[in-house]
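S.K.: Contents of data38.pdb (PDB, N, CA and C atoms) are below:
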ATOM      1  N   MET A 150      78.834 179.142  63.987
ATOM      2  CA  MET A 150      79.628 178.161  64.688
ATOM      3  C   MET A 150      80.104 177.113  63.688
ATOM      4  N   ASP A 151      81.349 176.761  63.757
ATOM      5  CA  ASP A 151      81.942 175.750  62.899
ATOM      6  C   ASP A 151      81.279 174.401  63.169
ATOM      7  N   ASP A 152      80.927 173.671  62.116
ATOM      8  CA  ASP A 152      80.271 172.374  62.290
ATOM      9  C   ASP A 152      81.133 171.376  63.031
ATOM     10  N   LEU A 153      82.460 171.545  63.017
ATOM     11  CA  LEU A 153      83.354 170.623  63.696
ATOM     12  C   LEU A 153      83.605 171.007  65.152
ATOM     13  N   ASP A 154      83.194 172.203  65.550
ATOM     14  CA  ASP A 154      83.386 172.664  66.927
ATOM     15  C   ASP A 154      82.239 172.141  67.775
ATOM     16  N   ARG A 155      82.553 171.263  68.735
ATOM     17  CA  ARG A 155      81.505 170.667  69.565
ATOM     18  C   ARG A 155      81.078 171.572  70.716
ATOM     19  N   PHE A 156      81.775 172.692  70.898
ATOM     20  CA  PHE A 156      81.479 173.601  72.000
ATOM     21  C   PHE A 156      80.508 174.696  71.567
ATOM     22  N   GLU A 157      79.673 175.121  72.512
ATOM     23  CA  GLU A 157      78.816 176.278  72.275
ATOM     24  C   GLU A 157      79.694 177.526  72.329
ATOM     25  N   PRO A 158      79.309 178.593  71.651
ATOM     26  CA  PRO A 158      80.126 179.808  71.685
ATOM     27  C   PRO A 158      80.155 180.444  73.076
ATOM     28  N   GLY A 159      81.254 181.081  73.395
ATOM     29  CA  GLY A 159      81.351 181.829  74.645
ATOM     30  C   GLY A 159      81.992 181.050  75.782
ATOM     31  N   ILE A 160      82.390 181.818  76.793
ATOM     32  CA  ILE A 160      83.022 181.295  77.996
ATOM     33  C   ILE A 160      82.041 181.439  79.156
ATOM     34  N   HIS A 161      81.998 180.436  80.030
ATOM     35  CA  HIS A 161      81.183 180.486  81.241
ATOM     36  C   HIS A 161      82.123 180.449  82.441
ATOM     37  N   THR A 162      81.851 181.270  83.440
ATOM     38  CA  THR A 162      82.671 181.329  84.642
ATOM     39  C   THR A 162      81.823 180.935  85.845
ATOM     40  N   PHE A 163      82.372 180.060  86.690
ATOM     41  CA  PHE A 163      81.683 179.619  87.896
ATOM     42  C   PHE A 163      82.627 179.725  89.080
ATOM     43  N   LYS A 164      82.092 180.137  90.232
ATOM     44  CA  LYS A 164      82.868 180.203  91.468
ATOM     45  C   LYS A 164      82.133 179.391  92.517
ATOM     46  N   GLY A 165      82.876 178.523  93.206
ATOM     47  CA  GLY A 165      82.233 177.716  94.221
ATOM     48  C   GLY A 165      83.194 176.741  94.873
ATOM     49  N   THR A 166      82.630 175.645  95.400
ATOM     50  CA  THR A 166      83.373 174.656  96.165
ATOM     51  C   THR A 166      83.342 173.312  95.448
ATOM     52  N   VAL A 167      84.504 172.685  95.354
ATOM     53  CA  VAL A 167      84.601 171.363  94.738
ATOM     54  C   VAL A 167      83.865 170.360  95.618
ATOM     55  N   ARG A 168      82.912 169.642  95.040
ATOM     56  CA  ARG A 168      82.202 168.587  95.763
ATOM     57  C   ARG A 168      82.896 167.248  95.549
ATOM     58  N   ALA A 169      83.360 167.004  94.337
ATOM     59  CA  ALA A 169      84.075 165.767  94.012
ATOM     60  C   ALA A 169      84.969 166.041  92.810
ATOM     61  N   TRP A 170      86.137 165.367  92.766
ATOM     62  CA  TRP A 170      87.059 165.536  91.640
ATOM     63  C   TRP A 170      87.689 164.187  91.361
ATOM     64  N   ALA A 171      87.375 163.595  90.211
ATOM     65  CA  ALA A 171      87.936 162.305  89.803
ATOM     66  C   ALA A 171      89.002 162.566  88.738
ATOM     67  N   THR A 172      89.432 161.527  88.062
ATOM     68  CA  THR A 172      90.495 161.639  87.067
ATOM     69  C   THR A 172      90.152 162.621  85.951
ATOM     70  N   SER A 173      88.941 162.551  85.420
ATOM     71  CA  SER A 173      88.601 163.411  84.292
ATOM     72  C   SER A 173      87.281 164.160  84.453
ATOM     73  N   THR A 174      86.656 164.055  85.613
ATOM     74  CA  THR A 174      85.403 164.768  85.857
ATOM     75  C   THR A 174      85.396 165.350  87.259
ATOM     76  N   ALA A 175      84.541 166.351  87.442
ATOM     77  CA  ALA A 175      84.392 166.955  88.768
ATOM     78  C   ALA A 175      82.988 167.521  88.904
ATOM     79  N   GLU A 176      82.603 167.759  90.147
ATOM     80  CA  GLU A 176      81.348 168.436  90.453
ATOM     81  C   GLU A 176      81.686 169.660  91.281
ATOM     82  N   LEU A 177      81.125 170.783  90.884
ATOM     83  CA  LEU A 177      81.341 172.049  91.577
ATOM     84  C   LEU A 177      79.995 172.564  92.065
ATOM     85  N   VAL A 178      79.907 172.897  93.352
ATOM     86  CA  VAL A 178      78.704 173.537  93.894
ATOM     87  C   VAL A 178      78.985 175.035  93.872
ATOM     88  N   THR A 179      78.242 175.754  93.049
ATOM     89  CA  THR A 179      78.481 177.187  92.915
ATOM     90  C   THR A 179      77.971 177.935  94.136
ATOM     91  N   ASP A 180      78.380 179.173  94.265
ATOM     92  CA  ASP A 180      77.937 180.007  95.382
ATOM     93  C   ASP A 180      76.423 180.185  95.402
ATOM     94  N   SER A 181      75.775 180.034  94.241
ATOM     95  CA  SER A 181      74.319 180.159  94.189
ATOM     96  C   SER A 181      73.610 178.823  94.415
ATOM     97  N   GLY A 182      74.386 177.739  94.636
ATOM     98  CA  GLY A 182      73.788 176.443  94.932
ATOM     99  C   GLY A 182      73.630 175.525  93.740
ATOM    100  N   LEU A 183      74.001 175.954  92.555
ATOM    101  CA  LEU A 183      73.916 175.141  91.346
ATOM    102  C   LEU A 183      75.056 174.127  91.341
ATOM    103  N   VAL A 184      74.763 172.870  90.979
ATOM    104  CA  VAL A 184      75.806 171.863  90.838
ATOM    105  C   VAL A 184      76.169 171.791  89.353
ATOM    106  N   VAL A 185      77.449 172.030  89.048
ATOM    107  CA  VAL A 185      77.935 172.035  87.672
ATOM    108  C   VAL A 185      78.844 170.829  87.493
ATOM    109  N   PHE A 186      78.582 170.043  86.449
ATOM    110  CA  PHE A 186      79.413 168.892  86.126
ATOM    111  C   PHE A 186      80.496 169.350  85.163
ATOM    112  N   LEU A 187      81.746 169.025  85.490
ATOM    113  CA  LEU A 187      82.890 169.532  84.735
ATOM    114  C   LEU A 187      83.685 168.401  84.106
ATOM    115  N   ASP A 188      84.186 168.651  82.906
ATOM    116  CA  ASP A 188      85.149 167.777  82.248
ATOM    117  C   ASP A 188      86.516 168.361  82.581
ATOM    118  N   THR A 189      87.311 167.667  83.384
ATOM    119  CA  THR A 189      88.553 168.224  83.909
ATOM    120  C   THR A 189      89.807 167.604  83.293
ATOM    121  N   ARG A 190      89.678 166.970  82.138
ATOM    122  CA  ARG A 190      90.859 166.372  81.504
ATOM    123  C   ARG A 190      91.944 167.424  81.333
ATOM    124  N   GLY A 191      93.176 167.069  81.753
ATOM    125  CA  GLY A 191      94.302 167.979  81.623
ATOM    126  C   GLY A 191      94.488 168.931  82.791
ATOM    127  N   GLN A 192      93.595 168.891  83.767
ATOM    128  CA  GLN A 192      93.698 169.758  84.937
ATOM    129  C   GLN A 192      94.206 168.947  86.134
ATOM    130  N   PRO A 193      95.001 169.546  86.998
ATOM    131  CA  PRO A 193      95.444 168.806  88.193
ATOM    132  C   PRO A 193      94.269 168.595  89.147
ATOM    133  N   PRO A 194      94.224 167.445  89.821
ATOM    134  CA  PRO A 194      93.110 167.164  90.740
ATOM    135  C   PRO A 194      93.142 168.077  91.961
ATOM    136  N   LEU A 195      91.952 168.379  92.466
ATOM    137  CA  LEU A 195      91.808 169.212  93.651
ATOM    138  C   LEU A 195      90.986 168.463  94.693
ATOM    139  N   PRO A 196      91.289 168.642  95.972
ATOM    140  CA  PRO A 196      90.515 167.954  97.008
ATOM    141  C   PRO A 196      89.121 168.568  97.180
ATOM    142  N   ALA A 197      88.195 167.739  97.626
ATOM    143  CA  ALA A 197      86.844 168.217  97.931
ATOM    144  C   ALA A 197      86.946 169.322  98.975
ATOM    145  N   GLY A 198      86.104 170.327  98.827
ATOM    146  CA  GLY A 198      86.102 171.446  99.762
ATOM    147  C   GLY A 198      86.926 172.637  99.297
ATOM    148  N   THR A 199      87.718 172.474  98.243
ATOM    149  CA  THR A 199      88.533 173.572  97.724
ATOM    150  C   THR A 199      87.650 174.592  97.022
ATOM    151  N   ARG A 200      87.853 175.873  97.334
ATOM    152  CA  ARG A 200      87.109 176.943  96.652
ATOM    153  C   ARG A 200      87.881 177.344  95.405
ATOM    154  N   ILE A 201      87.174 177.381  94.268
ATOM    155  CA  ILE A 201      87.827 177.707  93.005
ATOM    156  C   ILE A 201      86.943 178.594  92.140
ATOM    157  N   LEU A 202      87.576 179.192  91.161
ATOM    158  CA  LEU A 202      86.909 179.920  90.083
ATOM    159  C   LEU A 202      87.323 179.211  88.809
ATOM    160  N   VAL A 203      86.363 178.771  87.993
ATOM    161  CA  VAL A 203      86.693 178.079  86.753
ATOM    162  C   VAL A 203      86.127 178.816  85.553
ATOM    163  N   GLU A 204      86.895 178.807  84.482
ATOM    164  CA  GLU A 204      86.417 179.250  83.179
ATOM    165  C   GLU A 204      86.156 177.989  82.379
ATOM    166  N   THR A 205      85.020 177.929  81.697
ATOM    167  CA  THR A 205      84.644 176.715  80.977
ATOM    168  C   THR A 205      84.114 177.038  79.598
ATOM    169  N   ARG A 206      84.096 176.023  78.750
ATOM    170  CA  ARG A 206      83.392 176.048  77.470
ATOM    171  C   ARG A 206      82.314 174.980  77.578
ATOM    172  N   LYS A 207      81.102 175.303  77.222
ATOM    173  CA  LYS A 207      79.998 174.365  77.399
ATOM    174  C   LYS A 207      79.805 173.466  76.181
ATOM    175  N   TYR A 208      79.626 172.185  76.482
ATOM    176  CA  TYR A 208      79.114 171.229  75.516
ATOM    177  C   TYR A 208      78.234 170.276  76.301
ATOM    178  N   ARG A 209      77.247 169.738  75.673
ATOM    179  CA  ARG A 209      76.271 168.938  76.402
ATOM    180  C   ARG A 209      76.856 167.592  76.781
ATOM    181  N   PRO A 210      76.673 167.098  77.992
ATOM    182  CA  PRO A 210      75.897 167.654  79.098
ATOM    183  C   PRO A 210      76.758 168.330  80.161
ATOM    184  N   CYS A 211      77.992 168.679  79.868
ATOM    185  CA  CYS A 211      78.793 169.287  80.925
ATOM    186  C   CYS A 211      79.642 170.423  80.376
ATOM    187  N   HIS A 212      80.501 170.960  81.211
ATOM    188  CA  HIS A 212      81.386 172.075  80.852
ATOM    189  C   HIS A 212      82.828 171.603  80.866
ATOM    190  N   TYR A 213      83.597 171.968  79.848
ATOM    191  CA  TYR A 213      85.012 171.650  79.756
ATOM    192  C   TYR A 213      85.812 172.749  80.418
ATOM    193  N   VAL A 214      86.630 172.421  81.395
ATOM    194  CA  VAL A 214      87.405 173.412  82.149
ATOM    195  C   VAL A 214      88.600 173.863  81.308
ATOM    196  N   THR A 215      88.709 175.172  81.118
ATOM    197  CA  THR A 215      89.845 175.721  80.398
ATOM    198  C   THR A 215      90.825 176.435  81.329
ATOM    199  N   LYS A 216      90.353 176.818  82.526
ATOM    200  CA  LYS A 216      91.216 177.512  83.481
ATOM    201  C   LYS A 216      90.657 177.362  84.889
ATOM    202  N   VAL A 217      91.542 177.092  85.875
ATOM    203  CA  VAL A 217      91.160 176.985  87.277
ATOM    204  C   VAL A 217      91.989 177.979  88.071
ATOM    205  N   THR A 218      91.326 178.744  88.938
ATOM    206  CA  THR A 218      91.982 179.716  89.793
ATOM    207  C   THR A 218      91.489 179.502  91.226
ATOM    208  N   ALA A 219      92.397 179.604  92.194
ATOM    209  CA  ALA A 219      91.981 179.464  93.592
ATOM    210  C   ALA A 219      90.945 180.528  93.909
ATOM    211  N   GLY A 220      89.873 180.143  94.594
ATOM    212  CA  GLY A 220      88.778 181.042  94.888
ATOM    213  C   GLY A 220      88.940 181.671  96.214
TER     214      GLY A 220
END
In structure tokens, how does this file's structure come out?
M.R.:
Amino acid sequence: MDDLDRFEPGIHTFKGTVRAWATSTAELVTDSGLVVFLDTRGQPPLPAGTRILVETRKYRPCHYVTKVTAG
């Protein structure tokens, strides 16, 4: 891993329901009940209750959203 790359290697995919979505952060409740904290900078806001599938890159303590698809 490049020392300048703040992300862990690999892509993580989560499917679930948006619990909250602010300007640059969101919370997603996955289908398995896990709450995932997301960095959503550059993504359009979504209302609570929307089902989505997200692709993310992980960095501590949250996941950076690289792609959002309607779930």
S.K.: Output as CSV one row per residue of segment 180-204 of chain A within 8 Å of segment 162-166 of chain A: the closest atom pair and its distance in Å to one decimal place, counting only N, CA and C atoms, sorted by chain and residue number ascending.
M.R.:
residue,atom,partner,partner_atom,distance
A:Asp180,N,A:Gly165,CA,4.1
A:Ser181,N,A:Lys164,C,6.6
A:Gly182,N,A:Gly165,CA,7.9
A:Pro196,C,A:Thr166,C,7.7
A:Ala197,C,A:Thr166,C,6.4
A:Gly198,C,A:Thr166,CA,5.1
A:Thr199,C,A:Thr166,CA,4.4
A:Arg200,CA,A:Gly165,C,4.3
A:Ile201,N,A:Gly165,C,4.1
A:Leu202,CA,A:Lys164,CA,4.3
A:Val203,N,A:Phe163,C,4.0
A:Glu204,CA,A:Thr162,CA,4.5
S.K.: Once the PyMOL selection byres (((chain A and resi 168 and name CA) around 6) and name CA) is applied to the coordinates I shared, what remains selected? I want it as a list in words.
M.R.: Val167, Ala169, Glu176, Leu177 and Ala197 of chain A
S.K.: Need the shell around Tyr208 of chain A: protein/DNA/RNA residues with any atom at most 6 Å away, counting all atoms listed in the file. Skip same-chain ones fewer than 5 positions apart. Format as a short mmCIF file (atom, residue, chain, number, x, y, z; two decimals) with N, CA and C atoms, in the frame of the given file?
M.R.:
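So part31.cif came out as:
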data_model
loop_
_atom_site.label_atom_id
_atom_site.label_comp_id
_atom_site.auth_asym_id
_atom_site.auth_seq_id
_atom_site.Cartn_x
_atom_site.Cartn_y
_atom_site.Cartn_z
N ARG A 155 82.55 171.26 68.74
CA ARG A 155 81.50 170.67 69.56
C ARG A 155 81.08 171.57 70.72
N PHE A 156 81.78 172.69 70.90
CA PHE A 156 81.48 173.60 72.00
C PHE A 156 80.51 174.70 71.57
N GLU A 157 79.67 175.12 72.51
CA GLU A 157 78.82 176.28 72.28
C GLU A 157 79.69 177.53 72.33
N TYR A 213 83.60 171.97 79.85
CA TYR A 213 85.01 171.65 79.76
C TYR A 213 85.81 172.75 80.42
#
S.K.: Could you tell me how far atom N of Ala219 of chain A sits from atom C of Pro194 of chain A, in Å to one decimal place?
M.R.: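 Calculated distance between atom C of Pro194 of chain A and atom N of Ala219 of chain A is 11.6 Å.
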S.K.: So the first atom is atom N of Val184 of chain A and the second is atom CA of Lys207 of chain A; what is the distance between them in Å, to one decimal place?
M.R.: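 So the two atoms, atom N of Val184 of chain A and atom CA of Lys207 of chain A, lie 14.6 Å apart.
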